[in-house]
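A.B. asks: I am attaching a structure below and will ask some questions about it afterwards.
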Amino acid sequence: MAFTNSGFPEIRAIFLAQFHPDQGPIVRMSVPEDAVDVGENAYTDTGATNRSSELRDTGAMGGIVSSNNNFAHEPEVVELIKRTTARGGPSLVDSSKIDFNSIQTLIIPKLTLFERLITVNTGRFKVMCYPVAIEGNYARNMFIFNMCFAFDISADTKCYGPVVKRVGSLLKELEVTGRLLSDVAGTRALLTMMRQLVNKLNDHGEYQIELDLKGLSQPMASTGISIKLFPYYENPATIEAFHVPVKLVDFDVARRKSAQTVYQQHASNDIMWDLVLDKVAEGIDNVNHVRRIARQAQVPEPTVVLALQHLDYYGCIALVDIFQFSNVYEAQARVKDVMRNGWLQRECHAYVTRDGQAGTVSLERLIQLYATVRQRRTVAEWIVDNCIDVERFDVRRFIVFGVLHGMLRRVHCFPVLCASVENADKEPSRRGSNSASGSGDEEPLKLEPRVVAMLDGTHHLDEICVAENKDAAVMRGLLDSYGGIEYVHL
């Protein structure tokens, strides 16, 4: 996958498709000129002079799509995959070009897909488009067009979604106000815009141009268009009270750089983040869970969650589970990555060894240790089995590093109440009076109703411990004493 100088996927081609009243779906122009294979439907603007009058004629199709074309109930993005060849048949299309004939029904789609962002995979390319239909004094009472952007099929094009939609909306506005697309006089301005779109977005990630609209029925002789690409970030993950935020950046450096960005000068020592972020950042030590951070910062937990979601959105933190020596982990297939990736090996070695002591644990030993982590063995048992020197080897960091890089997976313990509460009340011996004392008149142990409600197999032990503010060993002892509890490890 190719990237531009600005770090975004490279635009391979742009082409303007439209519905011709006689020929049907056609490619009017493209940049580069030979980027699209149109086969028998080849069409160039040399005949646009003769056809421009046809586009203004009134035809039989009318009143189907309004200029607003609002489908609030339809999905915003439609992703489709189109095969370019029949099964087992040879390809008759140049693989270096976009096969328009195979995707023309998706480029000029059904009416329900108009003004929707559409992604089509064809051959080696991924085509993003935003089809538009305008009702008016045209042939068949409608003008249909689609400005399409082509990328490598493996490209992550999420950042281009707003750009493709904006270009389609701008062209619709220019056509409604001045016939930029349907009038042959607008061909030059369109071609200039398409060429600069490819060059500017690929080189700089932004585009700004003054379109020359002389000769068109525009209220102005020129109009400015500004477009900028922005990185696409996934929505922040759901953060629960039992999650542990782990720093991925130095907060002091991030705070100073963000201040310099805002004020465009060297930040002084008294420039601070938002007050909540400052308090939350002080509590992030890669050990504290969300609820403990909220209590230490004396900030409402929902507010802390919002602050952590903000940090997670920009990649400043990652979320892991609460580390305890009673936890169980298992190795994943990505353990092999540390065998092949020298950078990952160095990062792991520096992160795991205490104070970066060289020679404490060899790289080969680290790889071997990750491979020995397996299910049904707690961390404490794993330490004994492998004779780990905890004075020089940071076990918590070893586990956290493995979880963050997908080499380890936490195996959670889900307590499930098999016997009903009513039956348990009738059998107090199951919930165990204190057998060590030998007293038979001890009151049976009772759990809070909210705890019993969580013993349905959908809440793991970490969640229950944080909700009740109890240690895992203490909570496990209470559940065992209550009786009728089965533990499922997933």
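Naming scheme: A, B, ... for chains in displayed order of the structure tokens; residues 1 onward per chain; ligands 1 onward as shown.
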Contacts of A:Asn386 at 8 Å or less, counting only C-alpha atoms, minus same-chain residues fewer than 3 places along, as a PyMOL selection string?
C.D. replies: chain A and resi 369+382-383
A.B. asks: Env of A:Leu344: 12 Å cut, atoms = only C-alpha atoms, seq-sep filter 4 positions within chain, self excluded. Answer as a list in words.
C.D. replies: Arg334, Val335, Lys336, Asp337, Val338, Met339, Arg340, Cys348, His349, Ala350, Tyr351, Val352, Leu363, Leu366, Ile367, Phe401, Gly402, Leu404, His405 and Met407 of chain A
A.B. asks: Which value, in Å to one decimal, gives the distance between atom CA of A:Arg374 and atom CA of A:His459?
C.D. replies: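 The value is 22.6 Å.
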A.B. asks: Mind giving me the straight-line distance from atom CA of A:Trp343 to atom CA of A:Phe325 in Å, one decimal?
C.D. replies: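 Separation of atom CA of A:Trp343 and atom CA of A:Phe325: 28.3 Å.
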A.B. asks: Tell me which protein, DNA and RNA residues are within 10 Å of A:Thr353, counting only C-alpha atoms, leaving out same-chain ones fewer than 6 positions away, and put them as a list in words.
C.D. replies: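 With the cut-off at 10 Å, the set is Gly359, Thr360, Val361, Ser362, Val390, Glu391, Arg392, Phe393, Asp394, Val395, Arg397 and Phe398 of chain A.
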A.B. asks: Skipping near chain neighbours, those fewer than 6 positions away, what residues fall within 12 Å of A:Val31 using only C-alpha atoms, listed as a compact mmCIF listing (two decimals) with N, CA and C atoms, in the first residue's frame?
C.D. replies:
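Dumped everything to selection.txt:
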```txt
# COMPACT_ATOMS: atom_id res chain seq x y z
N ILE A 11 -3.87 8.61 -3.70
CA ILE A 11 -4.93 8.54 -4.70
C ILE A 11 -4.32 8.07 -6.01
N ARG A 12 -4.82 6.96 -6.53
CA ARG A 12 -4.30 6.43 -7.79
C ARG A 12 -4.96 7.09 -9.00
N ALA A 13 -6.21 7.44 -8.87
CA ALA A 13 -6.91 8.06 -9.99
C ALA A 13 -8.20 8.71 -9.50
N ILE A 14 -8.67 9.68 -10.27
CA ILE A 14 -9.98 10.29 -10.08
C ILE A 14 -10.69 10.28 -11.43
N PHE A 15 -11.94 9.86 -11.44
CA PHE A 15 -12.68 9.92 -12.70
C PHE A 15 -14.11 10.37 -12.43
N LEU A 16 -14.65 11.08 -13.42
CA LEU A 16 -16.01 11.59 -13.34
C LEU A 16 -16.92 10.73 -14.21
N LYS A 97 -5.60 -0.99 -14.86
CA LYS A 97 -6.65 0.00 -15.05
C LYS A 97 -7.90 -0.42 -14.29
N ILE A 98 -8.76 0.54 -14.07
CA ILE A 98 -10.02 0.29 -13.38
C ILE A 98 -11.05 -0.19 -14.40
N MET A 147 -18.34 11.62 -8.89
CA MET A 147 -16.89 11.83 -8.88
C MET A 147 -16.26 10.74 -8.02
N CYS A 148 -15.44 9.89 -8.64
CA CYS A 148 -14.92 8.68 -7.98
C CYS A 148 -13.43 8.81 -7.71
N PHE A 149 -13.01 8.32 -6.55
CA PHE A 149 -11.61 8.31 -6.14
C PHE A 149 -11.15 6.85 -6.08
N ALA A 150 -10.01 6.54 -6.69
CA ALA A 150 -9.49 5.16 -6.71
C ALA A 150 -8.20 5.08 -5.90
N LEU A 190 -13.30 21.75 -14.64
CA LEU A 190 -13.41 20.44 -13.99
C LEU A 190 -12.10 19.67 -14.07
N LEU A 191 -11.49 19.65 -15.24
CA LEU A 191 -10.26 18.90 -15.43
C LEU A 191 -9.13 19.49 -14.59
N THR A 192 -9.10 20.82 -14.51
CA THR A 192 -8.09 21.48 -13.67
C THR A 192 -8.29 21.10 -12.20
N MET A 193 -9.53 21.10 -11.77
CA MET A 193 -9.82 20.74 -10.38
C MET A 193 -9.41 19.30 -10.08
N MET A 194 -9.71 18.37 -10.99
CA MET A 194 -9.38 16.97 -10.77
C MET A 194 -7.87 16.75 -10.71
N ARG A 195 -7.14 17.40 -11.60
CA ARG A 195 -5.68 17.25 -11.58
C ARG A 195 -5.08 17.78 -10.29
N GLN A 196 -5.57 18.93 -9.86
CA GLN A 196 -5.01 19.51 -8.64
C GLN A 196 -5.46 18.74 -7.40
N LEU A 197 -6.64 18.14 -7.45
CA LEU A 197 -7.07 17.29 -6.34
C LEU A 197 -6.08 16.15 -6.12
N VAL A 198 -5.72 15.48 -7.20
CA VAL A 198 -4.79 14.36 -7.09
C VAL A 198 -3.43 14.84 -6.58
N ASN A 199 -2.90 15.90 -7.19
CA ASN A 199 -1.55 16.35 -6.85
C ASN A 199 -1.48 16.93 -5.44
```
A.B. asks: Between A:Pro236, A:Gly205, A:Gly24, A:Pro131, which is the closest to A:Gly168 once you count only C-alpha atoms?
C.D. replies: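 Selected residue with least distance to A:Gly168: A:Pro131.
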A.B. asks: I'd like to know which residues of stretch 112-226 of chain A are alpha helix (DSSP H) (by DSSP, run on the backbone); could you write them as a PDB file with C-alpha atoms, in the first residue's frame?
C.D. replies:
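Once written, result_38.pdb looks like this:
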```pdb
ATOM      1  CA  GLY A 161     -14.761   9.544   3.398  1.00  0.00           C
ATOM      2  CA  PRO A 162     -15.459  13.195   4.343  1.00  0.00           C
ATOM      3  CA  VAL A 163     -13.404  14.411   1.358  1.00  0.00           C
ATOM      4  CA  VAL A 164     -15.291  12.306  -1.204  1.00  0.00           C
ATOM      5  CA  LYS A 165     -18.604  13.384   0.289  1.00  0.00           C
ATOM      6  CA  ARG A 166     -17.593  17.042   0.321  1.00  0.00           C
ATOM      7  CA  VAL A 167     -16.417  16.986  -3.303  1.00  0.00           C
ATOM      8  CA  GLY A 168     -19.711  15.430  -4.394  1.00  0.00           C
ATOM      9  CA  SER A 169     -21.712  18.020  -2.442  1.00  0.00           C
ATOM     10  CA  LEU A 170     -19.652  20.912  -3.845  1.00  0.00           C
ATOM     11  CA  LEU A 171     -20.091  19.712  -7.426  1.00  0.00           C
ATOM     12  CA  LYS A 172     -23.816  19.370  -6.848  1.00  0.00           C
ATOM     13  CA  GLU A 173     -23.997  22.965  -5.619  1.00  0.00           C
ATOM     14  CA  LEU A 174     -21.937  24.234  -8.578  1.00  0.00           C
ATOM     15  CA  GLU A 175     -24.152  22.342 -11.017  1.00  0.00           C
ATOM     16  CA  VAL A 176     -27.354  23.652  -9.468  1.00  0.00           C
ATOM     17  CA  THR A 177     -26.130  27.254  -9.489  1.00  0.00           C
ATOM     18  CA  GLY A 178     -24.196  27.344 -12.771  1.00  0.00           C
ATOM     19  CA  THR A 187     -14.905  20.985 -18.853  1.00  0.00           C
ATOM     20  CA  ARG A 188     -11.660  22.897 -18.491  1.00  0.00           C
ATOM     21  CA  ALA A 189     -12.405  23.995 -14.928  1.00  0.00           C
ATOM     22  CA  LEU A 190     -13.409  20.442 -13.986  1.00  0.00           C
ATOM     23  CA  LEU A 191     -10.256  18.896 -15.430  1.00  0.00           C
ATOM     24  CA  THR A 192      -8.095  21.479 -13.667  1.00  0.00           C
ATOM     25  CA  MET A 193      -9.818  20.741 -10.382  1.00  0.00           C
ATOM     26  CA  MET A 194      -9.380  16.970 -10.769  1.00  0.00           C
ATOM     27  CA  ARG A 195      -5.682  17.253 -11.584  1.00  0.00           C
ATOM     28  CA  GLN A 196      -5.015  19.507  -8.642  1.00  0.00           C
ATOM     29  CA  LEU A 197      -7.069  17.291  -6.336  1.00  0.00           C
ATOM     30  CA  VAL A 198      -4.785  14.356  -7.094  1.00  0.00           C
ATOM     31  CA  ASN A 199      -1.548  16.354  -6.850  1.00  0.00           C
ATOM     32  CA  LYS A 200      -2.351  18.485  -3.808  1.00  0.00           C
ATOM     33  CA  LEU A 201      -3.964  15.780  -1.691  1.00  0.00           C
ATOM     34  CA  ASN A 202      -1.170  13.309  -2.458  1.00  0.00           C
ATOM     35  CA  ASP A 203       1.624  15.821  -1.805  1.00  0.00           C
ATOM     36  CA  HIS A 204       0.253  17.952   1.010  1.00  0.00           C
TER      37      HIS A 204
END
```
A.B. asks: Would you pick out the contacts of stretch 241-254 of chain A at 9 Å or less, using only C-alpha atoms, so that residues sharing its chain but fewer than 2 positions from it are not included, and give the list as a PyMOL selection string?
C.D. replies: chain A and resi 239+256-259+281+284-292+301+305+308+312+315-323+400+462-467
